[in-house]
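**Q** Please find run.cif (mmCIF, C-alpha atoms) on the next line:
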```cif
data_start
loop_
_atom_site.label_atom_id
_atom_site.label_comp_id
_atom_site.auth_asym_id
_atom_site.auth_seq_id
_atom_site.Cartn_x
_atom_site.Cartn_y
_atom_site.Cartn_z
CA MET A 1 -9.64 23.35 19.27
CA LEU A 2 -11.14 22.62 22.69
CA ALA A 3 -8.57 19.90 23.32
CA ARG A 4 -5.75 22.31 22.54
CA LEU A 5 -7.16 24.96 24.88
CA ILE A 6 -7.47 22.42 27.69
CA VAL A 7 -3.91 21.22 27.21
CA ALA A 8 -2.60 24.77 27.01
CA SER A 9 -4.22 25.56 30.34
CA VAL A 10 -2.56 22.66 32.13
CA LEU A 11 0.83 23.34 30.52
CA CYS A 12 1.01 27.07 31.18
CA ALA A 13 2.85 26.54 34.46
CA HIS A 14 5.42 24.25 32.84
CA LEU A 15 7.30 26.48 30.40
CA ALA A 16 10.00 24.14 29.18
CA ALA A 17 13.74 24.58 29.29
CA ALA A 18 16.10 22.02 27.80
CA LEU A 19 16.31 18.73 29.69
CA ASN A 20 20.10 18.86 30.25
CA ASN A 21 20.11 16.25 33.03
CA GLY A 22 23.56 14.87 32.27
CA LEU A 23 22.23 11.33 31.78
CA ALA A 24 22.64 8.71 29.05
CA ARG A 25 26.03 9.85 27.79
CA THR A 26 26.15 6.41 26.21
CA PRO A 27 23.03 4.42 25.25
CA PRO A 28 21.27 3.14 28.40
CA MET A 29 21.00 -0.59 28.96
CA GLY A 30 18.67 -2.82 30.94
CA TRP A 31 15.45 -4.78 30.84
CA LEU A 32 11.88 -3.69 30.00
CA ALA A 33 8.72 -5.70 30.56
CA TRP A 34 6.45 -4.83 27.65
CA GLU A 35 7.24 -6.99 24.62
CA ARG A 36 7.53 -10.24 26.57
CA PHE A 37 5.02 -9.73 29.39
CA ARG A 38 2.63 -7.09 28.00
CA CYS A 39 -0.27 -6.39 30.38
CA ASP A 40 -0.75 -9.83 31.93
CA LEU A 41 -2.91 -9.23 35.01
CA ASN A 42 -3.82 -12.85 35.71
CA CYS A 43 -1.62 -13.37 38.75
CA LYS A 44 -3.82 -16.17 40.05
CA ASP A 45 -3.40 -18.50 37.06
CA ASP A 46 -0.17 -17.10 35.63
CA PRO A 47 1.86 -15.86 38.61
CA ASP A 48 5.26 -16.12 36.94
CA ASN A 49 4.29 -13.86 34.03
CA CYS A 50 1.86 -11.31 35.41
CA ILE A 51 2.76 -7.66 35.99
CA ASN A 52 3.52 -7.63 39.70
CA GLU A 53 6.37 -6.72 42.01
CA GLN A 54 7.78 -10.24 42.04
CA LEU A 55 8.39 -10.17 38.29
CA PHE A 56 10.54 -7.06 38.59
CA LEU A 57 12.36 -8.37 41.65
CA ASP A 58 13.12 -11.57 39.74
CA MET A 59 14.54 -9.64 36.80
CA GLY A 60 16.61 -7.41 39.06
CA LYS A 61 17.99 -10.46 40.82
CA ALA A 62 18.84 -12.07 37.48
CA LEU A 63 20.62 -8.94 36.28
CA ASN A 64 22.64 -8.84 39.47
CA GLU A 65 23.48 -12.51 39.82
CA SER A 66 24.11 -13.49 36.19
CA GLY A 67 26.65 -10.84 35.27
CA TRP A 68 24.38 -8.43 33.43
CA THR A 69 24.92 -5.39 35.64
CA LYS A 70 28.69 -5.63 35.27
CA LEU A 71 28.21 -5.23 31.53
CA GLY A 72 25.99 -2.15 31.87
CA TYR A 73 22.51 -3.72 31.96
CA ASP A 74 21.60 -1.95 35.18
CA ARG A 75 17.95 -0.91 34.73
CA VAL A 76 14.64 -2.70 35.24
CA ASN A 77 11.68 -0.88 33.72
CA ILE A 78 8.00 -1.29 34.50
CA ASP A 79 5.69 -0.65 31.54
CA ASP A 80 1.90 -0.12 31.37
CA CYS A 81 -0.74 -1.55 33.72
CA TRP A 82 1.09 -1.08 37.03
CA PRO A 83 -1.15 1.52 38.76
CA SER A 84 -4.57 1.48 40.28
CA HIS A 85 -7.34 2.76 38.04
CA GLU A 86 -7.91 5.74 40.34
CA ARG A 87 -5.58 8.30 41.87
CA ASP A 88 -5.57 8.89 45.61
CA ALA A 89 -7.33 11.78 47.37
CA GLN A 90 -4.34 14.05 46.72
CA GLY A 91 -4.35 13.25 43.01
CA ARG A 92 -1.28 11.03 43.16
CA LEU A 93 -0.70 7.81 41.26
CA VAL A 94 -0.92 4.66 43.34
CA ALA A 95 0.40 1.22 42.48
CA ASP A 96 -2.14 -1.58 42.24
CA PRO A 97 -2.30 -2.82 45.85
CA GLN A 98 -2.82 -6.49 44.97
CA ARG A 99 0.02 -6.73 42.47
CA PHE A 100 2.40 -4.24 44.12
CA PRO A 101 1.47 -4.60 47.80
CA HIS A 102 4.68 -2.97 49.06
CA GLY A 103 4.48 0.01 46.70
CA ILE A 104 6.88 1.35 44.10
CA LYS A 105 9.28 3.05 46.53
CA TRP A 106 9.85 -0.27 48.29
CA LEU A 107 10.47 -1.96 44.94
CA ALA A 108 12.98 0.73 43.95
CA ASP A 109 14.78 0.27 47.26
CA GLN A 110 14.96 -3.50 46.83
CA LEU A 111 16.38 -3.16 43.33
CA LYS A 112 18.83 -0.50 44.42
CA GLY A 113 20.20 -3.02 46.91
CA MET A 114 20.93 -5.26 43.92
CA GLY A 115 22.70 -2.50 42.02
CA VAL A 116 19.72 -2.01 39.70
CA LYS A 117 17.80 1.18 38.88
CA LEU A 118 14.02 1.25 38.51
CA GLY A 119 12.21 2.84 35.60
CA ILE A 120 8.47 3.41 35.26
CA TYR A 121 5.85 4.11 32.59
CA GLU A 122 3.26 6.84 32.16
CA ASP A 123 1.32 8.43 29.33
CA TYR A 124 1.06 12.03 28.15
CA GLY A 125 -2.69 11.71 27.59
CA THR A 126 -5.74 11.35 29.79
CA LYS A 127 -5.21 7.59 30.06
CA THR A 128 -2.41 5.17 29.30
CA CYS A 129 -2.68 2.83 26.32
CA GLY A 130 -3.97 0.19 28.76
CA GLY A 131 -6.63 2.51 30.21
CA TYR A 132 -4.89 3.57 33.45
CA PRO A 133 -4.59 7.18 34.65
CA GLY A 134 -2.57 9.41 32.32
CA THR A 135 -0.41 12.34 33.34
CA LEU A 136 -2.35 15.14 31.62
CA GLY A 137 -3.43 17.57 34.30
CA HIS A 138 -1.05 16.03 36.84
CA ILE A 139 2.38 16.78 35.37
CA SER A 140 4.02 18.30 38.46
CA THR A 141 2.33 15.88 40.84
CA ASP A 142 3.49 12.87 38.86
CA ALA A 143 7.04 14.16 38.50
CA ASP A 144 7.23 14.78 42.24
CA THR A 145 5.75 11.35 42.94
CA PHE A 146 8.31 9.58 40.73
CA ALA A 147 11.14 11.51 42.34
CA SER A 148 9.87 10.61 45.83
CA TRP A 149 9.88 6.95 44.80
CA ASP A 150 13.52 7.20 43.63
CA ILE A 151 12.59 6.43 40.04
CA ASP A 152 15.57 6.64 37.68
CA MET A 153 13.84 6.52 34.29
CA LEU A 154 10.46 7.54 32.90
CA LYS A 155 8.97 6.18 29.68
CA MET A 156 6.27 8.59 28.50
CA ASP A 157 3.80 7.12 26.00
CA GLY A 158 1.30 9.14 23.95
CA CYS A 159 -2.05 7.36 23.83
CA ASN A 160 -5.32 9.24 24.38
CA SER A 161 -3.77 12.63 23.67
CA ALA A 162 -3.83 15.38 21.05
CA VAL A 163 -0.73 14.97 18.87
CA SER A 164 -0.93 18.66 17.98
CA THR A 165 -0.04 19.54 21.60
CA MET A 166 2.95 17.23 22.03
CA ASP A 167 5.48 19.92 21.09
CA GLU A 168 4.41 21.71 24.26
CA GLY A 169 3.45 18.76 26.42
CA TYR A 170 6.51 16.54 26.26
CA PRO A 171 8.97 19.40 27.02
CA ALA A 172 6.72 20.45 29.91
CA ILE A 173 7.02 16.98 31.43
CA GLY A 174 10.79 17.09 31.05
CA ASN A 175 10.85 20.48 32.73
CA ALA A 176 8.80 19.11 35.63
CA LEU A 177 11.29 16.27 35.99
CA ASN A 178 14.12 18.82 36.07
CA LYS A 179 12.40 20.75 38.84
CA THR A 180 12.30 17.73 41.13
CA GLY A 181 16.09 17.88 41.44
CA ARG A 182 16.35 14.15 40.80
CA PRO A 183 18.06 13.09 37.55
CA ILE A 184 15.45 10.95 35.78
CA LEU A 185 16.25 9.58 32.34
CA TYR A 186 13.43 10.69 30.05
CA SER A 187 12.20 8.40 27.25
CA CYS A 188 9.63 9.93 24.87
CA SER A 189 7.22 8.36 22.40
CA TRP A 190 6.56 11.84 21.00
CA PRO A 191 8.01 11.52 17.46
CA ASP A 192 6.39 8.15 16.82
CA TYR A 193 2.95 9.64 17.36
CA GLU A 194 3.82 12.61 15.16
CA ARG A 195 5.04 10.24 12.43
CA ALA A 196 1.85 8.19 12.59
CA SER A 197 -0.27 11.34 12.33
CA GLY A 198 1.70 12.76 9.41
CA LYS A 199 2.93 15.75 11.39
CA PRO A 200 6.44 17.02 10.49
CA ILE A 201 8.99 16.06 13.15
CA ASN A 202 11.66 18.41 14.47
CA TYR A 203 14.21 15.96 15.85
CA THR A 204 16.64 18.70 16.86
CA PHE A 205 13.95 20.12 19.14
CA ILE A 206 13.06 16.68 20.49
CA ALA A 207 16.71 16.01 21.32
CA GLN A 208 16.74 19.13 23.48
CA HIS A 209 14.01 17.68 25.68
CA CYS A 210 14.36 13.88 25.71
CA ASN A 211 17.22 11.49 26.42
CA MET A 212 15.79 8.89 24.04
CA TRP A 213 12.76 8.65 21.81
CA ARG A 214 10.73 6.12 19.87
CA ASN A 215 10.17 6.94 16.23
CA PHE A 216 8.70 3.83 14.59
CA ASN A 217 6.45 0.81 15.10
CA ASP A 218 6.45 -1.24 18.31
CA ILE A 219 8.60 -4.30 17.96
CA GLN A 220 6.83 -7.67 17.87
CA ASP A 221 8.24 -11.16 18.44
CA SER A 222 9.07 -11.78 14.78
CA TRP A 223 12.00 -11.48 12.39
CA GLN A 224 9.79 -9.45 10.04
CA SER A 225 9.30 -6.87 12.77
CA VAL A 226 13.05 -6.68 13.37
CA TYR A 227 14.08 -6.25 9.74
CA THR A 228 11.27 -3.75 9.09
CA ILE A 229 12.72 -1.56 11.85
CA ILE A 230 16.25 -1.96 10.44
CA ASP A 231 14.97 -0.97 7.00
CA TYR A 232 13.35 2.15 8.47
CA TYR A 233 16.60 3.16 10.12
CA GLY A 234 18.56 2.34 6.96
CA ASP A 235 16.49 4.59 4.72
CA PRO A 236 18.82 7.51 3.85
CA LYS A 237 16.12 10.13 4.26
CA ASN A 238 15.34 8.85 7.75
CA TYR A 239 18.99 8.80 8.70
CA GLU A 240 19.26 12.39 7.51
CA ALA A 241 16.20 13.33 9.58
CA PHE A 242 17.07 11.66 12.86
CA GLY A 243 20.29 9.64 12.65
CA LYS A 244 22.56 12.65 12.74
CA VAL A 245 20.77 14.04 15.81
CA ALA A 246 21.80 11.07 17.95
CA GLY A 247 24.74 11.45 20.30
CA PRO A 248 25.69 11.55 23.98
CA GLY A 249 22.55 12.23 26.01
CA ASN A 250 20.17 11.78 23.05
CA TRP A 251 19.35 8.47 21.35
CA ASN A 252 16.96 7.10 18.74
CA ASP A 253 15.17 4.08 20.19
CA PRO A 254 14.20 1.31 17.74
CA ASP A 255 12.51 -0.52 20.65
CA MET A 256 13.37 -3.60 22.68
CA LEU A 257 15.72 -6.49 22.09
CA ILE A 258 13.79 -9.73 21.59
CA VAL A 259 16.85 -11.98 21.64
CA GLY A 260 15.97 -14.90 23.92
CA ASP A 261 12.27 -14.89 23.10
CA PHE A 262 10.49 -17.26 20.71
CA SER A 263 10.86 -16.18 17.10
CA LEU A 264 14.44 -15.42 16.12
CA SER A 265 16.93 -17.96 14.84
CA TYR A 266 20.49 -17.91 16.13
CA GLU A 267 21.67 -15.92 13.10
CA GLN A 268 18.76 -13.48 13.37
CA SER A 269 19.40 -13.01 17.09
CA LYS A 270 23.00 -12.06 16.34
CA ALA A 271 21.72 -9.72 13.65
CA GLN A 272 19.31 -7.84 15.90
CA PHE A 273 21.92 -7.35 18.58
CA ALA A 274 24.55 -6.30 16.05
CA PHE A 275 22.29 -3.71 14.43
CA TRP A 276 21.03 -2.28 17.71
CA CYS A 277 24.64 -1.86 18.86
CA LEU A 278 25.80 -0.37 15.56
CA MET A 279 22.86 2.08 15.55
CA ALA A 280 23.84 3.35 19.02
CA SER A 281 20.44 2.24 20.29
CA PRO A 282 19.34 1.89 23.90
CA LEU A 283 19.72 -1.79 24.78
CA PHE A 284 16.62 -2.86 26.69
CA MET A 285 16.00 -6.59 26.64
CA SER A 286 12.42 -7.84 26.85
CA ASN A 287 12.80 -11.53 27.58
CA ASP A 288 12.66 -13.84 30.58
CA LEU A 289 16.06 -13.65 32.25
CA ARG A 290 15.06 -16.50 34.59
CA THR A 291 14.96 -18.99 31.73
CA ILE A 292 17.05 -17.41 28.97
CA SER A 293 19.14 -19.85 26.96
CA ASP A 294 22.91 -19.91 27.18
CA GLN A 295 23.05 -19.15 23.45
CA ALA A 296 20.94 -16.00 23.77
CA LYS A 297 22.85 -14.94 26.87
CA GLU A 298 26.15 -15.32 25.03
CA ILE A 299 24.92 -13.00 22.27
CA LEU A 300 23.61 -10.34 24.64
CA GLN A 301 26.69 -10.46 26.86
CA ASN A 302 29.21 -10.14 24.02
CA THR A 303 31.51 -7.45 25.39
CA GLU A 304 33.07 -6.63 22.02
CA VAL A 305 29.70 -5.93 20.44
CA ILE A 306 28.52 -3.99 23.51
CA ALA A 307 31.66 -1.84 23.21
CA VAL A 308 30.49 -0.75 19.75
CA ASN A 309 27.19 0.39 21.25
CA GLN A 310 28.89 2.18 24.13
CA ASP A 311 31.55 3.95 22.06
CA PRO A 312 31.84 7.43 23.61
CA MET A 313 31.62 9.25 20.26
CA GLY A 314 27.97 8.19 20.12
CA VAL A 315 27.70 8.15 16.32
CA GLN A 316 24.66 6.30 15.00
CA GLY A 317 25.64 3.71 12.41
CA TYR A 318 24.20 3.86 8.91
CA ARG A 319 23.77 1.85 5.73
CA VAL A 320 26.64 2.28 3.27
CA SER A 321 25.40 0.13 0.40
CA LYS A 322 22.63 -2.22 -0.65
CA SER A 323 22.84 -4.66 -3.54
CA GLY A 324 20.05 -7.19 -3.84
CA SER A 325 19.97 -9.15 -0.59
CA GLN A 326 23.37 -7.89 0.58
CA GLU A 327 23.97 -4.81 2.70
CA VAL A 328 26.96 -3.09 4.28
CA TRP A 329 26.57 -0.82 7.32
CA CYS A 330 29.17 1.09 9.32
CA LYS A 331 29.66 3.13 12.49
CA PRO A 332 32.64 5.47 12.98
CA MET A 333 34.18 5.10 16.45
CA GLN A 334 36.93 6.54 18.59
CA ASN A 335 40.61 6.12 17.70
CA HIS A 336 39.80 6.13 13.97
CA THR A 337 38.21 2.66 14.14
CA VAL A 338 35.05 1.65 12.30
CA ALA A 339 32.49 -1.04 13.13
CA VAL A 340 30.97 -2.78 10.11
CA ILE A 341 28.05 -5.14 9.55
CA LEU A 342 27.89 -7.33 6.47
CA TRP A 343 24.28 -8.53 6.16
CA ASN A 344 22.94 -11.41 4.06
CA ARG A 345 19.16 -11.14 3.74
CA SER A 346 18.83 -13.94 1.22
CA SER A 347 16.53 -16.83 2.09
CA GLY A 348 18.06 -19.05 -0.57
CA GLY A 349 19.81 -21.31 1.91
CA MET A 350 23.35 -20.50 0.72
CA HIS A 351 25.96 -18.31 2.32
CA ALA A 352 27.17 -15.32 0.31
CA LYS A 353 30.48 -13.55 -0.06
CA ILE A 354 30.10 -9.90 0.96
CA SER A 355 32.77 -7.22 0.72
CA VAL A 356 33.40 -3.93 2.48
CA ASP A 357 35.30 -1.23 0.62
CA PHE A 358 37.46 0.59 3.15
CA LYS A 359 37.16 3.96 1.43
CA ALA A 360 33.36 3.68 1.48
CA VAL A 361 33.39 3.47 5.30
CA GLY A 362 35.77 6.38 5.77
CA LEU A 363 39.09 4.55 5.96
CA PRO A 364 42.17 5.02 3.77
CA SER A 365 41.98 3.27 0.42
CA THR A 366 45.66 2.41 0.69
CA GLY A 367 47.66 1.08 3.61
CA ASN A 368 46.80 -1.76 5.94
CA VAL A 369 43.60 -2.14 7.92
CA SER A 370 43.34 -4.74 10.70
CA VAL A 371 40.08 -6.69 10.71
CA ARG A 372 38.59 -8.35 13.78
CA ASP A 373 35.44 -10.51 13.88
CA LEU A 374 33.47 -9.42 16.96
CA TYR A 375 31.29 -12.53 17.20
CA GLU A 376 34.09 -15.00 16.60
CA HIS A 377 36.52 -12.95 18.76
CA GLN A 378 39.22 -13.45 16.16
CA ASP A 379 41.75 -11.20 14.45
CA LEU A 380 41.45 -11.98 10.74
CA GLY A 381 44.57 -10.18 9.56
CA SER A 382 45.54 -6.97 7.79
CA PHE A 383 44.09 -6.01 4.43
CA SER A 384 44.39 -3.19 1.93
CA GLY A 385 41.48 -1.58 0.08
CA SER A 386 38.74 -4.02 1.05
CA PHE A 387 37.80 -7.15 2.94
CA SER A 388 35.45 -10.00 1.98
CA THR A 389 33.96 -12.90 3.91
CA TYR A 390 31.13 -15.40 3.66
CA VAL A 391 27.96 -14.58 5.58
CA ASN A 392 25.17 -17.04 6.42
CA PRO A 393 21.70 -16.55 4.84
CA SER A 394 18.28 -15.71 6.30
CA GLY A 395 19.44 -12.60 8.10
CA GLY A 396 22.98 -13.63 9.01
CA VAL A 397 25.63 -11.02 9.78
CA ALA A 398 29.35 -10.67 10.10
CA MET A 399 30.25 -7.91 12.54
CA LEU A 400 33.73 -6.51 12.17
CA LYS A 401 35.97 -3.90 13.73
CA LEU A 402 38.32 -2.19 11.28
CA THR A 403 41.45 -0.48 12.62
CA PRO A 404 43.72 1.45 10.24
CA SER A 405 47.47 1.50 10.67
CA PRO A 406 48.58 4.51 12.76
CA ALA A 407 50.76 5.57 9.85
CA ASP A 408 47.64 6.11 7.72
CA TYR A 409 45.91 8.72 9.87
#
```
Would you mind writing the file out in structure tokens?
**A**
Amino acid sequence: MLARLIVASVLCAHLAAALNNGLARTPPMGWLAWERFRCDLNCKDDPDNCINEQLFLDMGKALNESGWTKLGYDRVNIDDCWPSHERDAQGRLVADPQRFPHGIKWLADQLKGMGVKLGIYEDYGTKTCGGYPGTLGHISTDADTFASWDIDMLKMDGCNSAVSTMDEGYPAIGNALNKTGRPILYSCSWPDYERASGKPINYTFIAQHCNMWRNFNDIQDSWQSVYTIIDYYGDPKNYEAFGKVAGPGNWNDPDMLIVGDFSLSYEQSKAQFAFWCLMASPLFMSNDLRTISDQAKEILQNTEVIAVNQDPMGVQGYRVSKSGSQEVWCKPMQNHTVAVILWNRSSGGMHAKISVDFKAVGLPSTGNVSVRDLYEHQDLGSFSGSFSTYVNPSGGVAMLKLTPSPADY
């Protein structure tokens, strides 16, 4: 009760209107530090991996010089552990002076010169998950500070806070961002904390106040973590709860892409990227772009798969069918086309023939449908009623684009 009264007192000046900042009309894309680099503060012994300004400059440079920005990956996001442990005399956040000696505004300016936008992390509670100053009690000050630093995205975590107050607190932060006059993409961890606490989640309300939101477990560097997230998004009751809320300006965030890190096979890497694109997810890589393999880069820079993610209709893809270790997913897109994933989860070591029924994914059951393989970049021909192909095991996918004949719509 006391916690709620305290929060109410600091939120009373932040009555929240809808976010309505005009941002993220398609899922945002970029790079985020957390999964790969965590909270590494050991810059003396591990200078290439610690959370400091050079790391973010390096990633911005890589995005700019290796073709990523041209494809839409135009954001570099700082996560936890960037600030000093104490605010300044005016109550403002300050970057750690040893690890960010030039300050955050300087870093934003340097990245802007590379064609890259800077995002930053804070926490709704009294402290961040890593124990740094939280935003509670400093909502307007922090929003003004981020705007003065030319920040373009804010990730707002929810550690060390009362979940019961998030329905007031997160909209209040969005309202404070609005009042700065600077469009700042707003990423909320709000529903994930409500889920973990057992509190009912109103996704329609959340979508009025956040551009994107986390709603499930943090991703780890493992295939199990990836397919557990896919399963959560594939559950029909979850799709009904939050999948239909997604659209231009508002996106469900299944967390970062780990393609190019240590755990995923080639087939599993293609699978993660395919599913994140089909689910209209924000595409934030968390890998080392300075050393990424050509194979991982080829997956993440696949323009045909990215186009599925960036389709302007903004429909979140969903699971159509599941039979044993085989699944079919689809995503309706503009011009009556449909993206499809055929997924082979079997670990038996043998490829499997998987079929998609055109009627089941919203296409005519008669007439011709053109099929294109988006990873092989090949037109496979025209088919009527259904299409089948062999898919590799252990998480392998075929990702297809289905285009009906104009005479059939």
**Q** With the PyMOL selection byres ((chain A and resi 358) around 10) as the selection, what would be picked from this file? Answer as a count of residues only, please.
**A** 20
**Q** To verify the selection step, state as a short mmCIF file (atom, residue, chain, number, x, y, z; two decimals) with C-alpha atoms, in the coordinates of the input which residues the PyMOL selection byres ((chain A and resi 302) around 12) yields on this input.
**A**
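part33.cif, freshly written:
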```cif
data_model
loop_
_atom_site.label_atom_id
_atom_site.label_comp_id
_atom_site.auth_asym_id
_atom_site.auth_seq_id
_atom_site.Cartn_x
_atom_site.Cartn_y
_atom_site.Cartn_z
CA GLY A 67 26.65 -10.84 35.27
CA TRP A 68 24.38 -8.43 33.43
CA LEU A 71 28.21 -5.23 31.53
CA GLY A 72 25.99 -2.15 31.87
CA LYS A 270 23.00 -12.06 16.34
CA PHE A 273 21.92 -7.35 18.58
CA ALA A 274 24.55 -6.30 16.05
CA CYS A 277 24.64 -1.86 18.86
CA GLN A 295 23.05 -19.15 23.45
CA ALA A 296 20.94 -16.00 23.77
CA LYS A 297 22.85 -14.94 26.87
CA GLU A 298 26.15 -15.32 25.03
CA ILE A 299 24.92 -13.00 22.27
CA LEU A 300 23.61 -10.34 24.64
CA GLN A 301 26.69 -10.46 26.86
CA THR A 303 31.51 -7.45 25.39
CA GLU A 304 33.07 -6.63 22.02
CA VAL A 305 29.70 -5.93 20.44
CA ILE A 306 28.52 -3.99 23.51
CA ALA A 307 31.66 -1.84 23.21
CA VAL A 308 30.49 -0.75 19.75
CA ASN A 309 27.19 0.39 21.25
CA ASP A 373 35.44 -10.51 13.88
CA LEU A 374 33.47 -9.42 16.96
CA TYR A 375 31.29 -12.53 17.20
CA GLU A 376 34.09 -15.00 16.60
CA HIS A 377 36.52 -12.95 18.76
CA MET A 399 30.25 -7.91 12.54
#
```
**Q** Any chance you could work out the residue set of the PyMOL selection byres ((chain A and resi 249) around 9) here, as a ChimeraX atom specification?
**A** /A:20-27,207,210-212,246-248,250-251,314
**Q** Under the rule that all atoms listed in the file are counted, which of A:Asn238, A:Ser405, A:Asn77, A:Ser84 is the nearest residue to Leu154 of chain A?
**A**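 Between A:Asn238, A:Ser405, A:Asn77, A:Ser84, the residue approaching Leu154 of chain A most closely is A:Asn77.
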**Q** Considering only C-alpha atoms, state which residue in the set A:Ser370, A:Thr337, A:Ser148, A:Ser382 is at the smallest distance from Tyr409 of chain A.
**A**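 Once distances to Tyr409 of chain A are computed over only C-alpha atoms, the minimum belongs to A:Thr337.
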**Q** Out of A:Tyr203, A:Phe56, A:Tyr132, A:Trp34, which residue has the shortest atom-to-atom distance to Cys188 of chain A when counting all atoms listed in the file?
**A** A:Tyr203
**Q** Determine, counting only C-alpha atoms, which protein, DNA and RNA residues have an atom within 9 Å of an atom of Arg87 of chain A; residues of the same chain fewer than 6 positions away are not included. Present the result as a compact mmCIF listing (two decimals) with C-alpha atoms, keeping the file's coordinate frame.
**A**
```
# COMPACT_ATOMS: atom_id res chain seq x y z
CA LEU A 93 -0.70 7.81 41.26
CA VAL A 94 -0.92 4.66 43.34
CA PRO A 133 -4.59 7.18 34.65
```
**Q** Using all atoms listed in the file, find the one residue out of A:Val315, A:Asp408, A:Ala62, A:Met285 that sits nearest to Tyr239 of chain A.
**A**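 Answer, going by the shortest atom-to-atom distance: A:Val315.
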**Q** Using only C-alpha atoms, which residues sit within 9 Å of segment 252-268 of chain A once same-chain residues fewer than 5 positions away are excluded, as JSON, numbers by chain?
**A** {"A": [31, 32, 34, 35, 36, 187, 211, 212, 213, 214, 215, 216, 217, 218, 219, 220, 221, 222, 223, 226, 229, 230, 233, 242, 243, 245, 246, 273, 276, 279, 280, 281, 282, 283, 284, 285, 286, 287, 288, 289, 291, 292, 293, 295, 296, 297, 299, 300, 316, 392, 393, 394, 395, 396, 397]}
**Q** For each of A:Asp157, A:Gly134, A:Gln208, A:Lys61, take the minimum atom-to-atom distance to Trp190 of chain A, counting all atoms listed in the file, then give the residue where this is smallest.
**A**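 Using all atoms listed in the file, Trp190 of chain A sits closest to A:Asp157.
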**Q** Ranking A:Ala271, A:Arg345, A:Gln90, A:Tyr232 by minimum distance to Tyr318 of chain A and counting all atoms listed in the file, which one comes first?
**A**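 Smallest separation from Tyr318 of chain A among the options: A:Tyr232.
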**Q** So that I can see what lies close to Arg99 of chain A, please list as a PyMOL selection string the residues with an atom at most 9 Å from it, counting only C-alpha atoms and leaving out residues fewer than 5 positions away in the same chain.
**A** chain A and resi 41+43+50-54+82
**Q** Export C-alpha atoms of the chosen residues as a short mmCIF file (atom, residue, chain, number, x, y, z; two decimals), in the coordinates of the input?
**A**
```cif
data_model
loop_
_atom_site.label_atom_id
_atom_site.label_comp_id
_atom_site.auth_asym_id
_atom_site.auth_seq_id
_atom_site.Cartn_x
_atom_site.Cartn_y
_atom_site.Cartn_z
CA LEU A 41 -2.91 -9.23 35.01
CA CYS A 43 -1.62 -13.37 38.75
CA CYS A 50 1.86 -11.31 35.41
CA ILE A 51 2.76 -7.66 35.99
CA ASN A 52 3.52 -7.63 39.70
CA GLU A 53 6.37 -6.72 42.01
CA GLN A 54 7.78 -10.24 42.04
CA TRP A 82 1.09 -1.08 37.03
#
```
**Q** For the atom pair atom CA of Gly348 of chain A and atom CA of Leu278 of chain A, what is the interatomic distance in Å to one decimal place?
**A** 25.9 Å
**Q** Residues of segment 215-283 of chain A that have any atom at most 12 Å from an atom of segment 324-327 of chain A: could you tabulate them with the shortest-distance atom pair and the distance in Å to one decimal, using all atoms listed in the file, ordered by chain and increasing number, as a Markdown table?
**A**
```
| residue | atom | partner | partner_atom | distance |
| --- | --- | --- | --- | --- |
| A:Ile230 | CA | A:Glu327 | CA | 11.3 |
| A:Asp231 | CA | A:Glu327 | CA | 10.7 |
| A:Gly234 | CA | A:Glu327 | CA | 9.9 |
| A:Phe275 | CA | A:Glu327 | CA | 11.9 |
```
**Q** Just how far from atom CA of Asp88 of chain A is atom CA of Gly125 of chain A, in Å to one decimal?
**A**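 Atom CA of Asp88 of chain A lies at a distance of 18.5 Å from atom CA of Gly125 of chain A.
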**Q** Would you work out the distance separating atom CA of Ile151 of chain A from atom CA of Ala108 of chain A, expressed in Å to one decimal?
**A**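 These two atoms are separated by 6.9 Å.
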**Q** Provide an axis-aligned box for all listed atoms of segment 266-275 of chain A, padding each side by 3 Å; report its centre and its edge lengths in Å to one decimal, as JSON.
**A**
```
{"center_x": 21.7, "center_y": -10.8, "center_z": 15.8, "size_x": 11.8, "size_y": 20.2, "size_z": 11.5}
```
**Q** May I have the residues within 8 Å of Leu111 of chain A as a list in words, using only C-alpha atoms and disregarding those fewer than 5 positions away in the same chain?
**A**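 My reading of the contact set: Leu57, Gly60, Lys61, Val116, Lys117 and Leu118 of chain A.
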